[in-house]
$ cat coords-v7.txt   # compact mmCIF, C-alpha atoms
# COMPACT_ATOMS: atom_id res chain seq x y z
CA MET E 1 140.84 -104.82 -47.21
CA LYS E 2 140.87 -108.41 -46.03
CA TYR E 3 144.63 -108.32 -45.54
CA LYS E 4 144.46 -104.99 -43.71
CA ILE E 5 142.06 -106.47 -41.15
CA ILE E 6 144.17 -109.57 -40.65
CA GLY E 7 147.21 -107.35 -40.30
CA CYS E 8 145.51 -105.28 -37.59
CA LEU E 9 144.69 -108.44 -35.64
CA LEU E 10 148.24 -109.72 -35.95
CA LEU E 11 149.56 -106.35 -34.81
CA ALA E 12 147.32 -106.44 -31.74
CA PHE E 13 148.39 -110.00 -30.95
CA SER E 14 152.05 -109.00 -31.38
CA ALA E 15 151.49 -106.22 -28.83
CA SER E 16 150.23 -108.80 -26.36
CA ASN E 17 153.31 -110.92 -27.00
CA MET E 18 155.51 -107.91 -26.18
CA LEU E 19 153.81 -107.75 -22.80
CA ILE E 20 154.29 -111.49 -22.27
CA GLN E 21 157.99 -111.30 -23.20
CA ALA E 22 158.73 -108.42 -20.80
CA GLN E 23 161.09 -109.27 -17.97
CA SER E 24 159.34 -110.94 -15.04
CA ASP E 25 162.03 -111.11 -12.37
CA LEU E 26 159.78 -109.10 -10.06
CA THR E 27 158.09 -110.15 -6.84
CA GLY E 28 154.85 -109.02 -5.25
CA ALA E 29 151.70 -110.83 -6.29
CA ILE E 30 148.59 -108.80 -5.48
CA THR E 31 146.06 -110.48 -3.20
CA THR E 32 142.53 -109.37 -2.39
CA ALA E 33 139.52 -110.62 -0.52
CA LEU E 34 136.86 -112.61 -2.38
CA PRO E 35 139.22 -114.06 -5.01
CA PHE E 36 136.37 -116.21 -6.38
CA LEU E 37 135.09 -113.07 -8.14
CA GLN E 38 138.08 -113.38 -10.48
CA VAL E 39 137.30 -117.02 -11.36
CA THR E 40 135.48 -117.60 -14.64
CA ALA E 41 132.04 -118.90 -13.78
CA ASP E 42 130.73 -119.94 -17.20
CA ALA E 43 131.87 -122.53 -19.72
CA ARG E 44 131.83 -120.36 -22.84
CA ALA E 45 134.19 -117.76 -21.34
CA GLY E 46 136.27 -120.60 -19.91
CA GLY E 47 136.73 -122.08 -23.37
CA LEU E 48 138.02 -118.71 -24.59
CA ALA E 49 140.63 -118.47 -21.78
CA ASP E 50 138.65 -116.26 -19.42
CA GLN E 51 137.31 -113.75 -21.93
CA GLY E 52 134.00 -111.94 -21.87
CA VAL E 53 134.31 -108.16 -21.92
CA ALA E 54 134.20 -107.88 -25.74
CA THR E 55 132.76 -111.21 -26.88
CA SER E 56 129.26 -111.40 -28.37
CA PRO E 57 126.34 -111.24 -25.89
CA ASP E 58 125.10 -114.31 -24.02
CA ALA E 59 123.19 -115.08 -20.83
CA PHE E 60 126.40 -115.01 -18.74
CA SER E 61 127.42 -111.47 -19.73
CA GLN E 62 126.64 -110.21 -16.21
CA GLN E 63 130.04 -111.27 -14.83
CA TRP E 64 131.98 -109.68 -17.70
CA ASN E 65 130.12 -106.78 -19.24
CA ALA E 66 126.43 -106.21 -18.60
CA SER E 67 126.32 -103.65 -21.43
CA LYS E 68 126.18 -106.56 -23.88
CA TYR E 69 122.62 -107.39 -22.75
CA ALA E 70 121.37 -104.36 -24.69
CA PHE E 71 122.52 -106.13 -27.90
CA ALA E 72 120.99 -109.52 -27.02
CA GLU E 73 118.92 -110.98 -29.85
CA LYS E 74 116.37 -112.79 -27.65
CA GLU E 75 113.94 -111.20 -25.23
CA LEU E 76 114.87 -113.43 -22.29
CA GLY E 77 117.93 -115.52 -21.49
CA VAL E 78 118.96 -117.64 -18.50
CA GLY E 79 122.20 -119.54 -17.88
CA LEU E 80 123.29 -122.11 -15.30
CA SER E 81 126.87 -123.31 -14.81
CA ILE E 82 128.98 -125.37 -12.43
CA THR E 83 132.78 -125.07 -12.06
CA PRO E 84 134.53 -127.72 -9.91
CA TYR E 85 137.57 -126.46 -7.98
CA LEU E 86 140.69 -128.33 -6.81
CA THR E 87 139.32 -131.51 -8.35
CA GLN E 88 142.65 -133.32 -7.93
CA LEU E 89 142.36 -133.00 -4.13
CA VAL E 90 138.67 -132.88 -3.18
CA ASP E 91 135.30 -133.24 -4.84
CA ASP E 92 133.09 -130.81 -2.90
CA ILE E 93 134.55 -127.37 -3.73
CA ILE E 94 132.46 -125.74 -6.46
CA LEU E 95 131.57 -122.41 -8.00
CA ALA E 96 127.90 -122.30 -9.01
CA ASN E 97 126.48 -119.55 -11.17
CA ILE E 98 123.03 -118.56 -12.36
CA ALA E 99 122.63 -115.50 -14.56
CA GLY E 100 120.08 -114.02 -16.89
CA TYR E 101 118.61 -110.96 -18.54
CA LYS E 102 115.30 -109.52 -19.73
CA LYS E 103 115.08 -107.11 -22.66
CA LEU E 104 112.79 -104.22 -21.80
CA ASP E 105 112.74 -102.97 -25.40
CA GLU E 106 115.12 -102.72 -28.34
CA ARG E 107 117.43 -100.35 -26.47
CA SER E 108 117.50 -101.52 -22.85
CA ALA E 109 117.73 -104.62 -20.68
CA ILE E 110 118.02 -105.64 -17.06
CA GLY E 111 120.21 -108.47 -15.80
CA ALA E 112 120.91 -110.39 -12.60
CA SER E 113 123.15 -113.16 -11.35
CA ILE E 114 124.06 -115.18 -8.27
CA ARG E 115 127.52 -116.69 -7.80
CA TYR E 116 128.04 -119.09 -4.90
CA PHE E 117 131.46 -120.46 -3.99
CA SER E 118 131.49 -123.36 -1.52
CA LEU E 119 134.67 -124.59 0.15
CA GLY E 120 132.91 -127.82 1.01
CA GLU E 121 132.74 -129.41 4.42
CA ILE E 122 135.75 -128.96 6.71
CA GLN E 123 136.19 -131.08 9.83
CA LEU E 124 137.89 -129.33 12.73
CA ARG E 125 140.07 -130.93 15.41
CA ASP E 126 141.90 -129.49 18.40
CA ARG E 127 145.58 -129.97 19.19
CA ASP E 128 144.83 -133.30 20.84
CA GLY E 129 142.95 -134.58 17.79
CA PHE E 130 139.46 -134.37 19.29
CA ASP E 131 136.60 -133.63 16.93
CA GLN E 132 135.46 -129.99 17.10
CA GLY E 133 132.66 -130.31 14.58
CA THR E 134 132.42 -129.28 10.95
CA VAL E 135 132.03 -125.99 9.13
CA LYS E 136 131.05 -125.06 5.58
CA PRO E 137 132.81 -121.80 4.56
CA ASN E 138 131.31 -120.07 1.54
CA SER E 139 131.23 -116.85 -0.43
CA LEU E 140 128.31 -115.22 -2.23
CA ALA E 141 127.79 -112.47 -4.82
CA VAL E 142 124.32 -111.27 -5.84
CA ASP E 143 124.00 -108.53 -8.42
CA VAL E 144 121.61 -106.69 -10.71
CA SER E 145 122.29 -104.47 -13.72
CA TYR E 146 120.68 -102.08 -16.16
CA ALA E 147 121.96 -101.72 -19.73
CA LEU E 148 121.03 -99.02 -22.23
CA LYS E 149 122.02 -98.33 -25.82
CA LEU E 150 123.32 -94.78 -26.05
CA SER E 151 123.41 -95.13 -29.84
CA GLU E 152 122.71 -97.84 -32.37
CA ARG E 153 126.23 -99.21 -31.86
CA PHE E 154 127.26 -98.42 -28.29
CA SER E 155 125.76 -99.31 -24.93
CA MET E 156 126.65 -98.80 -21.28
CA ALA E 157 125.53 -100.46 -18.09
CA VAL E 158 125.69 -100.05 -14.33
CA ALA E 159 125.59 -103.06 -12.01
CA GLY E 160 125.30 -103.24 -8.23
CA ARG E 161 126.65 -106.24 -6.32
CA TYR E 162 126.16 -107.47 -2.75
CA LEU E 163 129.14 -109.46 -1.42
CA ARG E 164 129.19 -111.85 1.52
CA ASP E 165 132.19 -113.88 2.68
CA ASP E 166 131.70 -116.39 5.50
CA LEU E 167 135.07 -117.90 6.36
CA ARG E 168 134.43 -118.30 10.09
CA LEU E 169 135.55 -121.43 11.89
CA GLN E 170 132.83 -121.16 14.52
CA PRO E 171 133.55 -124.23 16.69
CA ILE E 172 137.04 -122.95 17.56
CA PRO E 173 137.03 -121.41 21.08
CA ASN E 174 137.62 -117.65 21.21
CA ALA E 175 137.31 -117.33 17.44
CA SER E 176 136.82 -113.65 16.62
CA ALA E 177 136.28 -113.82 12.87
CA GLU E 178 133.10 -112.29 11.52
CA VAL E 179 131.17 -112.62 8.30
CA GLY E 180 132.55 -110.13 5.79
CA ASN E 181 130.02 -107.96 3.98
CA SER E 182 130.55 -105.38 1.28
CA PHE E 183 129.17 -104.17 -2.04
CA GLY E 184 130.58 -103.39 -5.45
CA VAL E 185 129.58 -101.40 -8.52
CA ASP E 186 130.41 -102.15 -12.17
CA ILE E 187 130.61 -99.53 -14.91
CA THR E 188 130.80 -101.06 -18.38
CA GLY E 189 130.59 -100.22 -22.07
CA TYR E 190 130.23 -102.26 -25.26
CA TYR E 191 130.56 -101.42 -28.96
CA GLN E 192 129.35 -103.60 -31.82
CA SER E 193 129.64 -102.40 -35.39
CA GLU E 194 127.20 -103.09 -38.18
CA ASN E 195 127.77 -106.12 -40.38
CA ILE E 196 130.31 -104.74 -42.86
CA PRO E 197 130.62 -106.32 -46.34
CA TYR E 198 134.23 -106.76 -47.44
CA ARG E 199 135.47 -108.25 -50.71
CA ASN E 200 135.41 -111.93 -49.71
CA PHE E 201 133.54 -111.93 -46.40
CA ASP E 202 131.38 -109.92 -44.03
CA GLY E 203 132.87 -108.59 -40.82
CA ARG E 204 131.92 -107.07 -37.49
CA TRP E 205 134.08 -105.18 -34.97
CA ARG E 206 133.53 -105.54 -31.23
CA GLY E 207 135.00 -103.67 -28.29
CA GLY E 208 134.31 -103.40 -24.59
CA PHE E 209 135.52 -102.23 -21.21
CA ALA E 210 134.52 -102.93 -17.63
CA ILE E 211 135.57 -101.52 -14.28
CA SER E 212 134.24 -104.09 -11.84
CA ASN E 213 133.80 -104.26 -8.07
CA ILE E 214 134.22 -100.60 -7.24
CA GLY E 215 133.43 -100.52 -3.55
CA PRO E 216 134.54 -100.34 0.07
CA LYS E 217 137.03 -102.68 1.70
CA ILE E 218 135.80 -105.74 3.55
CA SER E 219 136.67 -106.64 7.15
CA TYR E 220 136.63 -110.01 8.90
CA SER E 221 137.91 -108.80 12.28
CA GLU E 222 138.82 -105.49 13.89
CA GLY E 223 141.83 -103.88 12.25
CA GLN E 224 142.02 -106.43 9.43
CA GLU E 225 140.60 -104.80 6.29
CA SER E 226 141.08 -106.14 2.77
CA PHE E 227 140.41 -104.73 -0.68
CA ILE E 228 137.77 -106.35 -2.84
CA PRO E 229 139.06 -107.21 -6.36
CA THR E 230 138.40 -103.96 -8.24
CA ASN E 231 139.41 -104.80 -11.78
CA LEU E 232 139.75 -103.17 -15.20
CA ARG E 233 139.14 -105.18 -18.37
CA VAL E 234 139.57 -103.88 -21.91
CA GLY E 235 139.17 -105.94 -25.06
CA GLY E 236 138.42 -105.94 -28.75
CA GLY E 237 137.70 -108.39 -31.50
CA PHE E 238 136.60 -109.04 -35.04
CA ASP E 239 134.08 -111.52 -36.48
CA PHE E 240 134.86 -113.02 -39.88
CA GLY E 241 131.60 -113.95 -41.64
CA ILE E 242 133.01 -116.48 -44.09
CA ASP E 243 129.58 -117.25 -45.53
CA THR E 244 125.96 -117.51 -44.42
CA TYR E 245 126.66 -120.40 -42.05
CA ASN E 246 130.29 -120.06 -40.94
CA LYS E 247 131.84 -117.42 -38.66
CA VAL E 248 135.22 -117.11 -36.95
CA LYS E 249 135.33 -114.74 -33.99
CA THR E 250 138.66 -113.51 -32.61
CA THR E 251 139.10 -111.56 -29.37
CA LEU E 252 142.05 -110.04 -27.50
CA GLU E 253 141.63 -108.96 -23.88
CA PHE E 254 143.71 -107.29 -21.16
CA SER E 255 142.95 -106.94 -17.46
CA LYS E 256 144.51 -105.32 -14.39
CA LEU E 257 143.64 -105.22 -10.70
CA LEU E 258 143.00 -101.66 -9.50
CA VAL E 259 144.21 -102.18 -5.94
CA PRO E 260 147.54 -101.23 -4.30
CA THR E 261 150.67 -103.21 -5.13
CA PRO E 262 152.23 -104.60 -1.91
CA ASN E 263 155.12 -102.53 -0.59
CA ARG E 264 157.75 -105.20 -0.06
CA SER E 265 159.85 -102.97 2.22
CA LEU E 266 157.18 -103.00 4.94
CA THR E 267 156.58 -105.60 7.63
CA GLY E 268 153.31 -107.52 7.76
CA ALA E 269 151.83 -105.20 10.39
CA GLN E 270 152.95 -102.11 8.46
CA ARG E 271 151.40 -103.44 5.25
CA GLN E 272 148.12 -104.08 7.04
CA GLN E 273 148.09 -100.55 8.44
CA GLU E 274 148.81 -99.20 4.97
CA ILE E 275 145.80 -101.13 3.61
CA ASN E 276 143.60 -99.91 6.47
CA ASP E 277 144.54 -96.29 5.74
CA ALA E 278 144.19 -96.48 1.94
CA SER E 279 141.10 -95.18 0.14
CA PRO E 280 139.40 -97.64 -2.25
CA ILE E 281 138.63 -94.91 -4.79
CA GLY E 282 142.02 -93.24 -4.50
CA SER E 283 143.70 -96.64 -4.87
CA ILE E 284 142.04 -97.12 -8.26
CA PHE E 285 143.99 -94.16 -9.66
CA SER E 286 147.21 -94.77 -7.74
CA SER E 287 147.28 -98.44 -8.83
CA PHE E 288 148.60 -97.35 -12.24
CA GLY E 289 151.84 -96.05 -10.74
CA ASP E 290 152.42 -97.50 -7.27
CA ALA E 291 154.45 -100.62 -8.16
CA PRO E 292 157.87 -100.60 -6.40
CA GLY E 293 159.45 -101.96 -9.60
CA GLY E 294 158.27 -99.01 -11.68
CA ILE E 295 156.83 -99.29 -15.19
CA ARG E 296 158.18 -102.82 -15.68
CA GLU E 297 156.20 -104.06 -12.72
CA GLU E 298 153.11 -102.14 -13.78
CA ILE E 299 153.27 -103.95 -17.13
CA ALA E 300 153.73 -107.25 -15.30
CA GLU E 301 150.41 -106.64 -13.51
CA ILE E 302 148.52 -106.84 -16.82
CA THR E 303 147.10 -110.22 -17.80
CA THR E 304 146.57 -111.09 -21.46
CA SER E 305 144.26 -113.54 -23.20
CA PHE E 306 143.56 -114.37 -26.82
CA GLY E 307 140.59 -116.46 -27.95
CA VAL E 308 139.12 -117.84 -31.18
CA GLU E 309 135.58 -119.14 -31.64
CA TYR E 310 134.28 -120.95 -34.72
CA ASP E 311 130.50 -120.83 -35.05
CA TYR E 312 128.40 -122.86 -37.48
CA ASN E 313 124.96 -121.37 -38.06
CA ASP E 314 124.54 -120.57 -34.35
CA ILE E 315 124.14 -124.32 -33.74
CA PHE E 316 127.66 -125.60 -33.09
CA ALA E 317 130.78 -123.83 -31.84
CA LEU E 318 134.43 -124.70 -31.20
CA ARG E 319 136.59 -122.50 -28.97
CA ALA E 320 140.23 -122.15 -27.97
CA GLY E 321 142.25 -119.59 -26.07
CA TYR E 322 145.44 -118.81 -24.21
CA PHE E 323 145.78 -116.87 -20.94
CA HIS E 324 149.03 -115.39 -19.57
CA GLU E 325 149.91 -113.84 -16.23
CA PHE E 326 153.48 -113.00 -15.24
CA GLU E 327 155.12 -115.45 -12.86
CA SER E 328 155.82 -112.74 -10.32
CA LYS E 329 152.13 -111.81 -10.21
CA GLY E 330 150.46 -115.20 -9.89
CA ALA E 331 151.75 -117.28 -12.81
CA ARG E 332 148.34 -118.22 -14.21
CA GLN E 333 149.19 -119.54 -17.67
CA PHE E 334 146.95 -121.99 -19.45
CA VAL E 335 145.40 -123.17 -22.70
CA ALA E 336 141.64 -123.60 -22.81
CA LEU E 337 139.43 -125.58 -25.20
CA GLY E 338 135.67 -125.53 -25.45
CA ALA E 339 132.61 -126.43 -27.47
CA GLY E 340 128.99 -125.37 -27.64
CA PHE E 341 125.82 -126.98 -28.95
CA LYS E 342 122.43 -125.38 -29.42
CA TYR E 343 119.06 -126.92 -30.20
CA THR E 344 116.10 -124.53 -30.56
CA SER E 345 116.11 -122.54 -27.30
CA ILE E 346 118.52 -124.73 -25.30
CA GLY E 347 122.30 -124.50 -25.38
CA VAL E 348 125.05 -126.60 -23.80
CA ASP E 349 128.62 -125.36 -23.35
CA LEU E 350 131.71 -127.27 -22.24
CA SER E 351 135.28 -126.16 -21.59
CA TYR E 352 138.50 -127.73 -20.37
CA LEU E 353 141.66 -126.13 -18.99
CA PHE E 354 145.28 -127.27 -19.52
CA ASN E 355 147.75 -125.64 -17.14
CA THR E 356 151.00 -124.55 -18.83
CA SER E 357 152.60 -122.85 -15.81
CA ASN E 358 155.19 -124.25 -13.44
CA VAL E 359 152.82 -123.29 -10.63
CA PRO E 360 149.93 -125.78 -10.13
CA SER E 361 146.50 -124.44 -11.03
CA PRO E 362 143.40 -125.26 -8.96
CA LEU E 363 141.49 -125.45 -12.25
CA ASP E 364 143.92 -127.73 -14.11
CA GLY E 365 141.98 -130.51 -15.79
CA THR E 366 138.66 -128.91 -14.86
CA LEU E 367 135.62 -129.54 -17.04
CA ARG E 368 133.14 -126.68 -16.88
CA VAL E 369 129.54 -127.30 -17.90
CA GLY E 370 126.92 -124.67 -18.67
CA LEU E 371 123.29 -124.62 -19.81
CA THR E 372 121.55 -121.67 -21.44
CA PHE E 373 117.90 -121.07 -22.27
CA SER E 374 116.54 -118.32 -24.51
CA PHE E 375 112.91 -117.37 -25.00
CA GLY E 376 110.55 -114.75 -26.30
CA GLN E 377 110.65 -112.16 -29.04
CA GLU E 378 113.65 -111.96 -31.33
CA TYR E 379 115.17 -108.51 -31.68
CA SER E 380 116.68 -107.45 -34.98
CA GLU E 381 120.03 -105.71 -35.29
CA TYR E 382 118.29 -102.34 -35.50

$ encode --input "coords-v7.txt" --output "structure tokens"
Amino acid sequence: MKYKIIGCLLLAFSASNMLIQAQSDLTGAITTALPFLQVTADARAGGLADQGVATSPDAFSQQWNASKYAFAEKELGVGLSITPYLTQLVDDIILANIAGYKKLDERSAIGASIRYFSLGEIQLRDRDGFDQGTVKPNSLAVDVSYALKLSERFSMAVAGRYLRDDLRLQPIPNASAEVGNSFGVDITGYYQSENIPYRNFDGRWRGGFAISNIGPKISYSEGQESFIPTNLRVGGGFDFGIDTYNKVKTTLEFSKLLVPTPNRSLTGAQRQQEINDASPIGSIFSSFGDAPGGIREEIAEITTSFGVEYDYNDIFALRAGYFHEFESKGARQFVALGAGFKYTSIGVDLSYLFNTSNVPSPLDGTLRVGLTFSFGQEYSEY
């Protein structure tokens, strides 16, 4: 049985490699408004190469899959994290995140989070070099969720999210840009098997899905609408319980934006009109078959990540992962390393990113730091 499980994991990883090795001579990266929503905001997920839809529950599950809160082992959890951005150029662009949950009973939980992305302070000058003041562009996402176990092993959740994007350069004369406002809804599910005894170890299967940011387009000026990053994530994993103290958790995850692929035969104005006319809900379904390059390009729009986490007695953890996106669709390719330490109710997580793509990454060499706090009653597996 042990070798069958390992074989299944290798087969799944081989499938991801087939996606990675597909031809990538395609053009047409997909862009959306509010790209910070796609940036990993917590250190644990960062150390696993941007994974969270099927990993074990933690305080930061709100961004990835709020359904996991129903399986949380503590009554209350809170997490704080800071992610520096473009650290090789500036030191005041950051993504700050606070998230948490409260178990209502053994079957249900509520969660909430705030993500704030600051572009720092920007000094404006006119054509003649005269000072026009400073601005501080920023983006904000505030959301709440409710998770419920539909059975002993499967839960679902619904989350609502308010989105605000302030990119205005107010001091510029005749500036017409407005603050963009929108909302999004997440629908998620999570499966966690019982602890299964095998011949030489105990094991647990995990699986999850999330359709995130389902909502209307956002507008910054008249006639200039943009899609918010509606996204599908699907993942699965297996926990190897080597003995009472040692566990190795493996996870494989795929994701895809559910927004239209740019039609490269259109001019800029024609593309914008096409976006203005498109339906956000209809685009979710059409996004699986609208790529000009056909099935090859649809496959190229899928990102893949694989992560491994070693856990010692829920006190110390080491993490590593690899993330791949096709060059024609953004070229995010990196290796991530991370570690976690826990003492009583306080946890500290760190992660570091090594860019492996020919395209520079704004997160290359970034050290993420996160703090978690857990309190209250401990809930058993049943």

$ closest_residue --input "coords-v7.txt" --among "E:Ile315, E:Ala147, E:Leu367, E:Val53" --to "Gly236 of chain E" --atoms "only C-alpha atoms"
E:Val53

$ residues_around --input "coords-v7.txt" --residues "Phe60 of chain E" --least-positions-apart "3" --cutoff "9 Å" --atoms "only C-alpha atoms" --output "count of residues only"
20

$ atom_distance --input "coords-v7.txt" --atom1 "atom CA of Tyr352 of chain E" --atom2 "atom CA of Phe36 of chain E"
18.2 Å

$ closest_residue --input "coords-v7.txt" --among "E:Pro360, E:Gly129, E:Gly307, E:Gly376" --to "Leu337 of chain E" --atoms "all atoms listed in the file"
E:Gly307

$ residues_near_point --input "coords-v7.txt" --point "(129.5, -125.9, -16.9)" --cutoff "8 Å" --atoms "all atoms listed in the file" --output "VMD selection string"
chain E and resid 42 to 43 80 to 83 349 to 351 367 to 371

$ atom_distance --input "coords-v7.txt" --atom1 "atom CA of Thr244 of chain E" --atom2 "atom CA of Phe316 of chain E"
14.0 Å

$ closest_residue --input "coords-v7.txt" --among "E:Glu309, E:Lys103, E:Asp91, E:Asn181" --to "Ala59 of chain E" --atoms "all atoms listed in the file"
E:Lys103
